[in-house]
>>> print(open('entry.tsv').read())   # TSV, C-alpha atoms
chain	number	residue	atom	x	y	z
A	29	MET	CA	110.58	-79.02	22.37
A	30	ILE	CA	111.88	-75.60	23.49
A	31	ALA	CA	115.65	-75.13	23.59
A	32	VAL	CA	117.56	-71.96	24.44
A	33	GLU	CA	121.35	-71.66	24.49
A	34	ASP	CA	123.38	-68.67	25.71
A	35	LEU	CA	120.57	-66.21	25.00
A	36	ARG	CA	121.50	-62.54	25.45
A	37	LYS	CA	119.51	-59.34	25.14
A	38	GLN	CA	120.37	-55.77	26.10
A	39	TYR	CA	118.20	-52.64	26.19
A	40	GLY	CA	120.40	-49.56	26.36
A	41	GLY	CA	122.55	-50.04	29.45
A	42	HIS	CA	120.34	-52.80	30.89
A	43	GLU	CA	121.31	-56.40	30.16
A	44	ALA	CA	118.01	-58.29	30.37
A	45	LEU	CA	119.40	-61.72	29.45
A	46	LYS	CA	122.94	-62.83	30.31
A	47	GLY	CA	123.48	-66.18	28.64
A	48	LEU	CA	120.16	-67.80	29.53
A	49	GLU	CA	119.89	-71.58	29.11
A	50	LEU	CA	116.48	-73.27	28.91
A	51	ASN	CA	115.13	-76.67	27.88
A	52	VAL	CA	111.46	-77.65	28.00
A	53	PRO	CA	110.72	-81.31	27.17
A	54	ARG	CA	107.81	-82.19	24.91
A	55	GLY	CA	104.47	-82.59	26.69
A	56	GLU	CA	105.47	-80.90	29.95
A	57	ILE	CA	104.06	-77.87	31.78
A	58	PHE	CA	107.11	-75.77	32.57
A	59	GLY	CA	106.83	-73.10	35.29
A	60	PHE	CA	109.03	-70.09	34.50
A	61	VAL	CA	109.72	-68.40	37.84
A	62	GLY	CA	111.68	-65.29	38.81
A	63	PRO	CA	111.40	-61.82	40.34
A	64	ASN	CA	110.36	-58.77	38.36
A	65	GLY	CA	113.10	-57.78	35.92
A	66	ALA	CA	114.65	-61.26	35.88
A	67	GLY	CA	114.15	-61.71	32.12
A	68	LYS	CA	111.02	-63.87	31.94
A	69	THR	CA	108.94	-61.66	29.64
A	70	THR	CA	111.92	-60.89	27.42
A	71	THR	CA	112.57	-64.63	26.99
A	72	ILE	CA	108.93	-65.36	26.18
A	73	ARG	CA	108.76	-62.53	23.64
A	74	ILE	CA	111.89	-63.82	21.93
A	75	LEU	CA	110.34	-67.30	21.72
A	76	ALA	CA	107.13	-65.73	20.36
A	77	THR	CA	109.18	-63.98	17.62
A	78	LEU	CA	108.25	-60.53	18.92
A	79	VAL	CA	111.80	-59.62	19.93
A	80	LEU	CA	115.17	-60.49	18.38
A	81	ALA	CA	117.92	-61.68	20.72
A	82	ASP	CA	121.31	-60.00	20.47
A	83	SER	CA	123.02	-63.40	20.44
A	84	GLY	CA	122.41	-67.02	21.33
A	85	ILE	CA	120.14	-69.69	19.87
A	86	ALA	CA	116.45	-70.33	20.54
A	87	THR	CA	114.54	-73.13	18.81
A	88	ILE	CA	110.99	-74.47	18.88
A	89	ALA	CA	110.74	-78.11	17.80
A	90	GLY	CA	114.16	-77.70	16.23
A	91	ILE	CA	113.21	-74.60	14.19
A	92	PRO	CA	115.46	-71.56	14.87
A	93	VAL	CA	113.32	-68.68	16.08
A	94	ALA	CA	115.45	-65.97	14.48
A	95	GLU	CA	115.89	-67.70	11.11
A	96	ASP	CA	112.36	-68.96	10.49
A	97	PRO	CA	109.84	-66.86	12.46
A	98	HIS	CA	107.02	-67.84	10.09
A	99	GLY	CA	107.60	-71.52	10.82
A	100	VAL	CA	107.82	-70.88	14.56
A	101	ARG	CA	104.54	-68.93	14.61
A	102	GLU	CA	102.74	-71.89	13.09
A	103	LEU	CA	103.90	-73.96	16.07
A	104	VAL	CA	103.43	-71.43	18.88
A	105	GLY	CA	100.41	-69.93	20.59
A	106	TYR	CA	101.25	-66.83	22.66
A	107	MET	CA	99.08	-65.40	25.43
A	108	PRO	CA	100.50	-62.17	26.90
A	109	ASP	CA	99.69	-60.84	30.36
A	110	PHE	CA	97.57	-58.01	28.94
A	111	PHE	CA	96.18	-58.03	25.44
A	112	GLY	CA	93.89	-55.80	23.46
A	113	VAL	CA	90.44	-56.88	22.39
A	114	TYR	CA	88.06	-55.59	19.73
A	115	ASP	CA	85.24	-54.57	22.03
A	116	ARG	CA	82.48	-54.50	19.43
A	117	LEU	CA	83.15	-58.03	18.18
A	118	THR	CA	81.33	-60.95	19.73
A	119	SER	CA	83.38	-63.76	21.24
A	120	GLU	CA	82.76	-65.92	18.17
A	121	GLU	CA	83.64	-63.12	15.73
A	122	TYR	CA	86.81	-62.39	17.72
A	123	LEU	CA	88.07	-65.96	17.30
A	124	GLU	CA	87.02	-66.11	13.64
A	125	PHE	CA	89.02	-62.94	12.99
A	126	TYR	CA	92.20	-64.41	14.48
A	127	ALA	CA	91.61	-67.71	12.72
A	128	ALA	CA	91.59	-65.76	9.45
A	129	CYS	CA	94.82	-63.99	10.46
A	130	HIS	CA	96.47	-67.38	10.95
A	131	GLY	CA	95.36	-68.68	7.56
A	132	VAL	CA	92.66	-71.07	8.74
A	133	PRO	CA	90.41	-71.88	5.73
A	134	ARG	CA	87.22	-69.81	5.63
A	135	ARG	CA	84.93	-72.83	5.80
A	136	ARG	CA	86.65	-73.98	9.01
A	137	ARG	CA	86.68	-70.73	10.96
A	138	ARG	CA	83.22	-70.72	12.50
A	139	LYS	CA	83.41	-74.37	13.52
A	140	ALA	CA	86.88	-73.82	15.01
A	141	ALA	CA	85.64	-70.78	16.96
A	142	ARG	CA	82.68	-72.70	18.37
A	143	GLU	CA	84.84	-75.68	19.33
A	144	LEU	CA	87.29	-73.43	21.13
A	145	LEU	CA	84.53	-71.57	22.95
A	146	GLU	CA	83.26	-74.94	24.12
A	147	LEU	CA	86.75	-75.90	25.29
A	148	VAL	CA	87.16	-72.75	27.40
A	149	ASP	CA	83.57	-72.95	28.71
A	150	LEU	CA	82.34	-69.83	26.89
A	151	ALA	CA	79.91	-71.46	24.46
A	152	ASP	CA	76.97	-69.65	26.10
A	153	ARG	CA	78.75	-66.30	25.58
A	154	ALA	CA	79.43	-66.75	21.86
A	155	GLU	CA	77.12	-63.88	20.85
A	156	ASP	CA	78.18	-61.54	23.68
A	157	GLN	CA	80.45	-58.62	22.89
A	158	VAL	CA	83.96	-59.08	24.23
A	159	ASP	CA	83.83	-55.92	26.36
A	160	THR	CA	80.91	-57.38	28.37
A	161	LEU	CA	82.95	-60.37	29.54
A	162	SER	CA	84.52	-60.52	32.99
A	163	ARG	CA	88.30	-60.48	33.43
A	164	GLY	CA	88.35	-64.26	33.89
A	165	MET	CA	86.26	-64.82	30.78
A	166	GLN	CA	88.49	-62.52	28.73
A	167	GLN	CA	91.55	-64.48	29.91
A	168	ARG	CA	89.94	-67.73	28.76
A	169	LEU	CA	88.99	-66.12	25.46
A	170	GLY	CA	92.61	-64.99	25.10
A	171	LEU	CA	93.75	-68.58	25.61
A	172	ALA	CA	91.26	-69.74	22.98
A	173	ARG	CA	92.70	-67.13	20.61
A	174	ALA	CA	96.18	-68.60	21.15
A	175	LEU	CA	94.79	-71.99	20.04
A	176	VAL	CA	93.05	-71.01	16.79
A	177	HIS	CA	95.85	-72.41	14.60
A	178	ASP	CA	96.35	-75.63	16.61
A	179	PRO	CA	99.85	-74.86	17.96
A	180	GLN	CA	102.08	-77.52	19.50
A	181	VAL	CA	103.56	-75.08	22.05
A	182	LEU	CA	101.83	-72.54	24.30
A	183	LEU	CA	103.63	-69.55	25.84
A	184	LEU	CA	101.50	-68.18	28.68
A	185	ASP	CA	102.71	-64.98	30.38
A	186	GLU	CA	100.89	-64.52	33.70
A	187	PRO	CA	97.67	-66.25	32.58
A	188	ALA	CA	96.13	-66.00	36.07
A	189	SER	CA	96.95	-62.30	36.54
A	190	GLY	CA	94.02	-60.41	38.05
A	191	LEU	CA	91.79	-63.47	38.36
A	192	ASP	CA	89.70	-64.32	41.41
A	193	PRO	CA	90.24	-67.72	43.11
A	194	ARG	CA	87.47	-69.48	41.18
A	195	ALA	CA	88.72	-68.15	37.84
A	196	ARG	CA	92.27	-69.26	38.71
A	197	VAL	CA	91.04	-72.79	39.38
A	198	GLU	CA	89.20	-72.82	36.03
A	199	MET	CA	92.33	-71.59	34.22
A	200	ARG	CA	94.47	-74.22	35.93
A	201	GLU	CA	92.13	-77.05	34.93
A	202	LEU	CA	92.06	-75.72	31.37
A	203	VAL	CA	95.86	-75.75	31.14
A	204	ARG	CA	95.90	-79.34	32.43
A	205	GLU	CA	93.38	-80.31	29.78
A	206	LEU	CA	95.60	-78.81	27.10
A	207	ARG	CA	98.55	-80.86	28.32
A	208	ARG	CA	96.39	-83.99	28.06
A	209	MET	CA	95.82	-82.98	24.43
A	210	GLY	CA	99.58	-83.17	23.87
A	211	LYS	CA	100.53	-79.50	24.16
A	212	THR	CA	103.88	-78.37	25.56
A	213	ILE	CA	103.28	-75.38	27.83
A	214	LEU	CA	105.60	-72.73	29.24
A	215	VAL	CA	103.84	-70.62	31.86
A	216	SER	CA	105.19	-67.61	33.73
A	217	SER	CA	103.49	-66.58	36.96
A	218	HIS	CA	104.09	-64.96	40.35
A	219	ILE	CA	101.40	-67.13	41.98
A	220	LEU	CA	103.82	-69.80	43.18
A	221	PRO	CA	101.32	-72.14	44.93
A	222	GLU	CA	99.39	-72.31	41.64
A	223	LEU	CA	102.53	-73.18	39.68
A	224	GLU	CA	103.54	-75.79	42.24
A	225	GLU	CA	100.22	-77.55	41.84
A	226	LEU	CA	100.10	-77.18	38.05
A	227	CYS	CA	103.62	-77.61	36.66
A	228	THR	CA	105.63	-80.76	36.06
A	229	TRP	CA	108.93	-78.92	35.45
A	230	VAL	CA	110.18	-75.61	36.83
A	231	GLY	CA	112.96	-73.15	36.07
A	232	PHE	CA	114.16	-70.26	38.22
A	233	VAL	CA	115.61	-67.26	36.40
A	234	ASP	CA	117.34	-64.40	38.19
A	235	GLN	CA	119.13	-61.37	36.72
A	236	GLY	CA	118.99	-62.82	33.22
A	237	ARG	CA	120.38	-66.27	34.06
A	238	MET	CA	118.78	-69.64	34.74
A	239	VAL	CA	119.82	-70.61	38.28
A	240	ALA	CA	117.99	-73.95	38.57
A	241	ALA	CA	115.76	-76.03	36.30
A	242	GLY	CA	114.37	-79.53	36.09
A	243	PRO	CA	111.47	-81.69	37.30
A	244	MET	CA	109.58	-79.97	40.13
A	245	THR	CA	110.55	-82.43	42.87
A	246	ASP	CA	114.21	-82.55	41.82
A	247	VAL	CA	114.58	-78.77	41.91
A	248	ARG	CA	112.97	-78.50	45.35
A	249	ASN	CA	115.32	-81.19	46.68
A	250	GLN	CA	118.37	-79.46	45.16
A	251	VAL	CA	117.57	-76.23	46.96
A	252	THR	CA	117.12	-77.62	50.46
A	253	SER	CA	119.95	-79.42	52.24
A	254	GLY	CA	118.80	-82.18	54.58
A	255	ARG	CA	115.27	-82.69	55.82
A	256	ARG	CA	113.23	-80.49	58.12
A	257	LEU	CA	110.94	-81.55	60.95
A	258	ARG	CA	108.33	-79.53	62.81
A	259	VAL	CA	107.96	-80.20	66.53
A	260	ASP	CA	104.99	-78.73	68.45
A	261	LEU	CA	105.20	-78.96	72.23
A	262	VAL	CA	102.43	-79.36	74.79
A	263	GLY	CA	103.81	-76.29	76.54
A	264	SER	CA	104.94	-73.53	74.21
A	265	ASP	CA	106.34	-70.98	76.66
A	266	ASP	CA	109.89	-69.72	76.17
A	267	ASP	CA	111.42	-71.92	78.87
A	268	GLU	CA	109.88	-75.09	77.44
A	269	LEU	CA	111.00	-74.22	73.90
A	270	MET	CA	114.56	-73.46	75.00
A	271	ALA	CA	114.72	-76.67	77.03
A	272	ALA	CA	113.66	-78.67	73.97
A	273	LEU	CA	116.16	-76.86	71.76
A	274	ARG	CA	119.03	-77.57	74.18
A	275	ALA	CA	118.01	-81.23	74.44
A	276	ILE	CA	118.46	-81.92	70.73
A	277	GLU	CA	120.73	-79.25	69.21
A	278	ASP	CA	123.96	-81.19	69.91
A	279	ARG	CA	122.55	-84.55	68.80
A	280	LEU	CA	124.62	-86.23	66.08
A	281	GLY	CA	122.82	-85.84	62.74
A	282	VAL	CA	121.00	-82.64	63.75
A	283	VAL	CA	122.12	-79.84	61.43
A	284	ALA	CA	120.19	-76.92	62.94
A	285	VAL	CA	117.38	-76.14	65.38
A	286	SER	CA	115.34	-72.93	65.44
A	287	ILE	CA	112.27	-71.59	67.20
A	288	VAL	CA	109.64	-70.41	64.73
A	289	ASP	CA	106.16	-69.18	65.71
A	290	ARG	CA	106.09	-71.06	69.04
A	291	HIS	CA	107.33	-74.38	67.63
A	292	LEU	CA	110.67	-75.97	66.74
A	293	GLU	CA	111.98	-76.47	63.23
A	294	VAL	CA	114.75	-79.05	63.13
A	295	THR	CA	116.98	-79.69	60.10
A	296	VAL	CA	118.47	-83.19	60.09
A	297	GLU	CA	120.67	-85.20	57.77
A	298	ASP	CA	118.85	-87.22	55.10
A	299	THR	CA	119.60	-90.56	56.80
A	300	PHE	CA	118.78	-89.40	60.33
A	301	PRO	CA	116.31	-91.71	62.17
A	302	ASP	CA	113.49	-89.38	63.19
A	303	GLN	CA	112.31	-91.59	66.03
A	304	GLU	CA	115.58	-91.01	67.90
A	305	LEU	CA	114.92	-87.29	67.98
A	306	LEU	CA	111.49	-87.89	69.41
A	307	GLY	CA	113.03	-90.25	71.98
A	308	GLU	CA	115.50	-87.56	73.10
A	309	LEU	CA	112.63	-85.17	73.82
A	310	VAL	CA	110.62	-87.77	75.71
A	311	ARG	CA	113.67	-88.71	77.84
A	312	ALA	CA	114.10	-85.01	78.66
A	313	ASN	CA	110.46	-84.99	79.98
A	314	ILE	CA	109.34	-82.58	77.29
A	315	GLY	CA	105.75	-83.05	76.17
A	316	VAL	CA	105.39	-83.34	72.38
A	317	ARG	CA	102.02	-82.55	70.81
A	318	SER	CA	103.00	-83.25	67.19
A	319	PHE	CA	106.06	-84.33	65.22
A	320	ALA	CA	106.01	-84.18	61.42
A	321	PRO	CA	108.20	-83.52	58.36
A	322	ILE	CA	108.07	-80.13	56.64
A	323	THR	CA	107.68	-80.29	52.87
A	324	SER	CA	109.74	-77.71	51.01
A	325	ASP	CA	107.60	-75.56	48.71
A	326	LEU	CA	108.20	-73.44	45.65
A	327	SER	CA	108.11	-70.21	47.64
A	328	GLU	CA	111.03	-71.33	49.78
A	329	ALA	CA	112.98	-72.38	46.70
A	330	PHE	CA	112.26	-68.98	45.13
A	331	LEU	CA	113.60	-67.11	48.17
A	332	ARG	CA	116.74	-69.23	48.32
A	333	LEU	CA	117.53	-69.04	44.61
A	334	THR	CA	116.84	-65.38	43.86
A	335	GLU	CA	118.85	-62.51	45.27
A	336	PRO	CA	116.97	-59.84	47.25
A	337	ARG	CA	116.99	-56.45	45.55
A	338	VAL	CA	114.72	-53.54	44.73
A	339	GLU	CA	112.17	-54.92	42.31
A	340	GLU	CA	111.75	-53.15	39.00
A	341	GLU	CA	109.87	-53.86	35.85
A	342	GLU	CA	111.82	-55.22	32.91
A	343	ALA	CA	113.47	-52.46	30.89
A	344	ASP	CA	111.59	-53.39	27.74
A	345	GLU	CA	108.12	-53.43	29.28
A	346	SER	CA	107.18	-49.95	28.04
A	347	ASP	CA	108.84	-50.21	24.66
A	348	ILE	CA	107.48	-53.42	23.21
A	349	PRO	CA	103.78	-54.13	22.64
A	350	SER	CA	102.43	-57.06	24.61
A	351	GLY	CA	99.90	-58.16	22.00
A	352	PRO	CA	100.00	-61.34	19.95
A	353	PRO	CA	102.60	-61.93	17.23
A	354	PRO	CA	101.80	-60.14	13.97
A	355	PRO	CA	99.65	-62.52	11.94
A	356	LEU	CA	101.29	-64.11	8.94
A	357	ARG	CA	99.26	-65.12	5.98
A	358	GLY	CA	100.33	-67.61	3.39
A	359	ASP	CA	99.52	-71.13	2.38
A	360	SER	CA	96.90	-72.83	4.51
A	361	PRO	CA	98.76	-75.80	5.98
A	362	ARG	CA	95.57	-77.27	7.40
A	363	GLU	CA	93.43	-77.06	4.28
A	364	GLY	CA	90.61	-79.50	4.90
A	365	GLY	CA	91.76	-80.13	8.47
A	366	SER	CA	90.64	-78.76	11.82
A	367	ALA	CA	91.87	-75.48	13.28
A	368	TYR	CA	90.97	-76.82	16.72
A	369	PRO	CA	93.52	-78.86	18.71
A	370	SER	CA	92.38	-82.43	18.31
A	371	PRO	CA	92.84	-84.60	21.41
A	372	PRO	CA	95.34	-87.45	21.02
A	373	ARG	CA	94.01	-90.98	20.86
A	374	GLY	CA	92.54	-91.84	24.23
A	375	GLY	CA	92.30	-88.16	25.15
A	376	ARG	CA	89.15	-86.35	26.11
A	377	ARG	CA	87.55	-83.01	25.47
A	378	LYS	CA	85.67	-80.83	27.92
>>> encode(input="entry.tsv", output="structure tokens")
Amino acid sequence: MIAVEDLRKQYGGHEALKGLELNVPRGEIFGFVGPNGAGKTTTIRILATLVLADSGIATIAGIPVAEDPHGVRELVGYMPDFFGVYDRLTSEEYLEFYAACHGVPRRRRRKAARELLELVDLADRAEDQVDTLSRGMQQRLGLARALVHDPQVLLLDEPASGLDPRARVEMRELVRELRRMGKTILVSSHILPELEELCTWVGFVDQGRMVAAGPMTDVRNQVTSGRRLRVDLVGSDDDELMAALRAIEDRLGVVAVSIVDRHLEVTVEDTFPDQELLGELVRANIGVRSFAPITSDLSEAFLRLTEPRVEEEEADESDIPSGPPPPLRGDSPREGGSAYPSPPRGGRRK
């Protein structure tokens, strides 16, 4: 659904993208992960038709972004990290305004706005002015705005930024609901546990290049060599820990042993029989309280895949507005149809 080949972008002396490659399959939630200045926002803005790449190819559903921006904007809903709102408009008026900008027929706008407010759980705030809404409510309203023209693809740049834990959970469930409706979603975020729980695919970008991408489980397995086990001992003093380490560190199939926070972390080969390691400790008269595998997480993959350096904001952050794409008027492609994303057959609506 989203395809990027050898994408390059330079701002003055700063090369933001250095031949980025990206593929997002239809119907997936793709987590776009990387440190500040890695090129995430630049990539999203190029896909949203806000920025032109210096070279390379980017397509949405086969449509070249640079050659047919009007066609791409009909397919894409873009939600930036921070976006302006018209404070004196009510929530319903705000969505009707953007529906008009996207060419939704006049007779459909109010119904579309109400349906979207229902979807994002803001129906009871339809008559409230936008500036009276909380940060979490404004984020949900911004997501509703990105949906007014029924896009197939959503580009979400830090959608959970500044939200409290409850609001983050609500946003996560809303994104899942949109996937069930058939949307393809690319989401950038620094909240890695949230992405790990939400996304089906993940891509790590660093210094303008994609360093790993694929299904979530596959990427985690690529990053870590072997399996890791956590061993907690009955006695956790230094002598007991060192005795346990010496008992197993030379065992065939054991790759590495380390002491971490008063327990052992043991890396073993994929085919290593775990029970033999436990047997070695028991034969050495070392009391074991617990023995369990350690699941690699997205944070560990992030640290392994991205190079440590002084973090800096992307060079283009201050130069390019972070608002929605300029509205394009023209023929109304959905004349007589709904501006609200209709659930696929068998789908459901909140």
>>> closest_residue(input="entry.tsv", among="A:Gly281, A:Gly236, A:Gly263, A:Gly105", to="Val316 of chain A", atoms="all atoms listed in the file")
A:Gly263
>>> residues_around(input="entry.tsv", residues="Arg279 of chain A", least_positions_apart="3", cutoff="12 Å", atoms="all atoms listed in the file", output="mmCIF file with C-alpha atoms, in the coordinates of the input")
data_model
loop_
_atom_site.group_PDB
_atom_site.id
_atom_site.type_symbol
_atom_site.label_atom_id
_atom_site.label_comp_id
_atom_site.auth_asym_id
_atom_site.auth_seq_id
_atom_site.Cartn_x
_atom_site.Cartn_y
_atom_site.Cartn_z
ATOM 1 C CA ALA A 272 113.660 -78.670 73.970
ATOM 2 C CA LEU A 273 116.160 -76.860 71.760
ATOM 3 C CA ARG A 274 119.030 -77.570 74.180
ATOM 4 C CA ALA A 275 118.010 -81.230 74.440
ATOM 5 C CA ILE A 276 118.460 -81.920 70.730
ATOM 6 C CA VAL A 282 121.000 -82.640 63.750
ATOM 7 C CA VAL A 283 122.120 -79.840 61.430
ATOM 8 C CA ALA A 284 120.190 -76.920 62.940
ATOM 9 C CA VAL A 285 117.380 -76.140 65.380
ATOM 10 C CA VAL A 294 114.750 -79.050 63.130
ATOM 11 C CA THR A 295 116.980 -79.690 60.100
ATOM 12 C CA VAL A 296 118.470 -83.190 60.090
ATOM 13 C CA GLU A 297 120.670 -85.200 57.770
ATOM 14 C CA PHE A 300 118.780 -89.400 60.330
ATOM 15 C CA PRO A 301 116.310 -91.710 62.170
ATOM 16 C CA ASP A 302 113.490 -89.380 63.190
ATOM 17 C CA GLU A 304 115.580 -91.010 67.900
ATOM 18 C CA LEU A 305 114.920 -87.290 67.980
ATOM 19 C CA LEU A 306 111.490 -87.890 69.410
ATOM 20 C CA GLY A 307 113.030 -90.250 71.980
ATOM 21 C CA GLU A 308 115.500 -87.560 73.100
ATOM 22 C CA LEU A 309 112.630 -85.170 73.820
#
>>> closest_residue(input="entry.tsv", among="A:Gln167, A:Gln303, A:Asn64, A:Gln235", to="Leu184 of chain A", atoms="all atoms listed in the file")
A:Gln167
>>> residues_near_point(input="entry.tsv", point="(88.0, -66.4, 13.9)", cutoff="12 Å", atoms="all atoms listed in the file", output="PDB file with C-alpha atoms, in the coordinates of the input")
ATOM      1  CA  LEU A 117      83.150 -58.030  18.180  1.00  0.00           C
ATOM      2  CA  THR A 118      81.330 -60.950  19.730  1.00  0.00           C
ATOM      3  CA  SER A 119      83.380 -63.760  21.240  1.00  0.00           C
ATOM      4  CA  GLU A 120      82.760 -65.920  18.170  1.00  0.00           C
ATOM      5  CA  GLU A 121      83.640 -63.120  15.730  1.00  0.00           C
ATOM      6  CA  TYR A 122      86.810 -62.390  17.720  1.00  0.00           C
ATOM      7  CA  LEU A 123      88.070 -65.960  17.300  1.00  0.00           C
ATOM      8  CA  GLU A 124      87.020 -66.110  13.640  1.00  0.00           C
ATOM      9  CA  PHE A 125      89.020 -62.940  12.990  1.00  0.00           C
ATOM     10  CA  TYR A 126      92.200 -64.410  14.480  1.00  0.00           C
ATOM     11  CA  ALA A 127      91.610 -67.710  12.720  1.00  0.00           C
ATOM     12  CA  ALA A 128      91.590 -65.760   9.450  1.00  0.00           C
ATOM     13  CA  CYS A 129      94.820 -63.990  10.460  1.00  0.00           C
ATOM     14  CA  HIS A 130      96.470 -67.380  10.950  1.00  0.00           C
ATOM     15  CA  GLY A 131      95.360 -68.680   7.560  1.00  0.00           C
ATOM     16  CA  VAL A 132      92.660 -71.070   8.740  1.00  0.00           C
ATOM     17  CA  PRO A 133      90.410 -71.880   5.730  1.00  0.00           C
ATOM     18  CA  ARG A 134      87.220 -69.810   5.630  1.00  0.00           C
ATOM     19  CA  ARG A 135      84.930 -72.830   5.800  1.00  0.00           C
ATOM     20  CA  ARG A 136      86.650 -73.980   9.010  1.00  0.00           C
ATOM     21  CA  ARG A 137      86.680 -70.730  10.960  1.00  0.00           C
ATOM     22  CA  ARG A 138      83.220 -70.720  12.500  1.00  0.00           C
ATOM     23  CA  LYS A 139      83.410 -74.370  13.520  1.00  0.00           C
ATOM     24  CA  ALA A 140      86.880 -73.820  15.010  1.00  0.00           C
ATOM     25  CA  ALA A 141      85.640 -70.780  16.960  1.00  0.00           C
ATOM     26  CA  ARG A 142      82.680 -72.700  18.370  1.00  0.00           C
ATOM     27  CA  GLU A 143      84.840 -75.680  19.330  1.00  0.00           C
ATOM     28  CA  LEU A 144      87.290 -73.430  21.130  1.00  0.00           C
ATOM     29  CA  LEU A 145      84.530 -71.570  22.950  1.00  0.00           C
ATOM     30  CA  ALA A 154      79.430 -66.750  21.860  1.00  0.00           C
ATOM     31  CA  LEU A 169      88.990 -66.120  25.460  1.00  0.00           C
ATOM     32  CA  ALA A 172      91.260 -69.740  22.980  1.00  0.00           C
ATOM     33  CA  ARG A 173      92.700 -67.130  20.610  1.00  0.00           C
ATOM     34  CA  ALA A 174      96.180 -68.600  21.150  1.00  0.00           C
ATOM     35  CA  LEU A 175      94.790 -71.990  20.040  1.00  0.00           C
ATOM     36  CA  VAL A 176      93.050 -71.010  16.790  1.00  0.00           C
ATOM     37  CA  HIS A 177      95.850 -72.410  14.600  1.00  0.00           C
ATOM     38  CA  ALA A 367      91.870 -75.480  13.280  1.00  0.00           C
ATOM     39  CA  TYR A 368      90.970 -76.820  16.720  1.00  0.00           C
TER      40      TYR A 368
END
>>> closest_residue(input="entry.tsv", among="A:Asp178, A:Leu161, A:Asn51, A:Leu333", to="Gln250 of chain A", atoms="only C-alpha atoms")
A:Leu333
>>> closest_atom_pairs(input="entry.tsv", of="segment 106-206 of chain A", to="segment 76-80 of chain A", cutoff="12 Å", atoms="only C-alpha atoms", output="CSV")
residue,atom,partner,partner_atom,distance
A:Tyr106,CA,A:Ala76,CA,6.4
A:Met107,CA,A:Ala76,CA,9.5
A:Pro108,CA,A:Ala76,CA,10.0
A:Ala174,CA,A:Ala76,CA,11.3
A:Pro179,CA,A:Ala76,CA,11.9
A:Val181,CA,A:Ala76,CA,10.2
A:Leu182,CA,A:Ala76,CA,9.5
A:Leu183,CA,A:Ala76,CA,7.5
A:Leu184,CA,A:Ala76,CA,10.3
A:Asp185,CA,A:Ala76,CA,11.0
>>> atom_distance(input="entry.tsv", atom1="atom CA of Ala94 of chain A", atom2="atom CA of Ile213 of chain A")
20.4 Å
>>> atom_distance(input="entry.tsv", atom1="atom CA of Ile30 of chain A", atom2="atom CA of Met209 of chain A")
17.7 Å
>>> atom_distance(input="entry.tsv", atom1="atom CA of Val148 of chain A", atom2="atom CA of Arg194 of chain A")
14.2 Å
>>> axis_aligned_box(input="entry.tsv", around="segment 178-181 of chain A", padding_each_side="6 Å", output="lines of an AutoDock Vina configuration file")
center_x = 100.0
center_y = -76.2
center_z = 19.3
size_x = 19.2
size_y = 14.7
size_z = 17.4
>>> residues_around(input="entry.tsv", residues="Asp266 of chain A", least_positions_apart="2", cutoff="12 Å", atoms="all atoms listed in the file", output="list in words")
Leu261, Gly263, Ser264, Glu268, Leu269, Met270, Ala271, Ala272, Leu273, Ile287, Val288, Asp289, Arg290, His291 and Leu292 of chain A
>>> residues_near_point(input="entry.tsv", point="(113.3, -76.4, 33.9)", cutoff="10 Å", atoms="all atoms listed in the file", output="PyMOL selection string")
chain A and resi 49-53+56-61+214+228-233+238-244+247
>>> closest_residue(input="entry.tsv", among="A:Asp298, A:Asp325, A:Asp82, A:Glu95", to="Leu35 of chain A", atoms="only C-alpha atoms")
A:Asp82
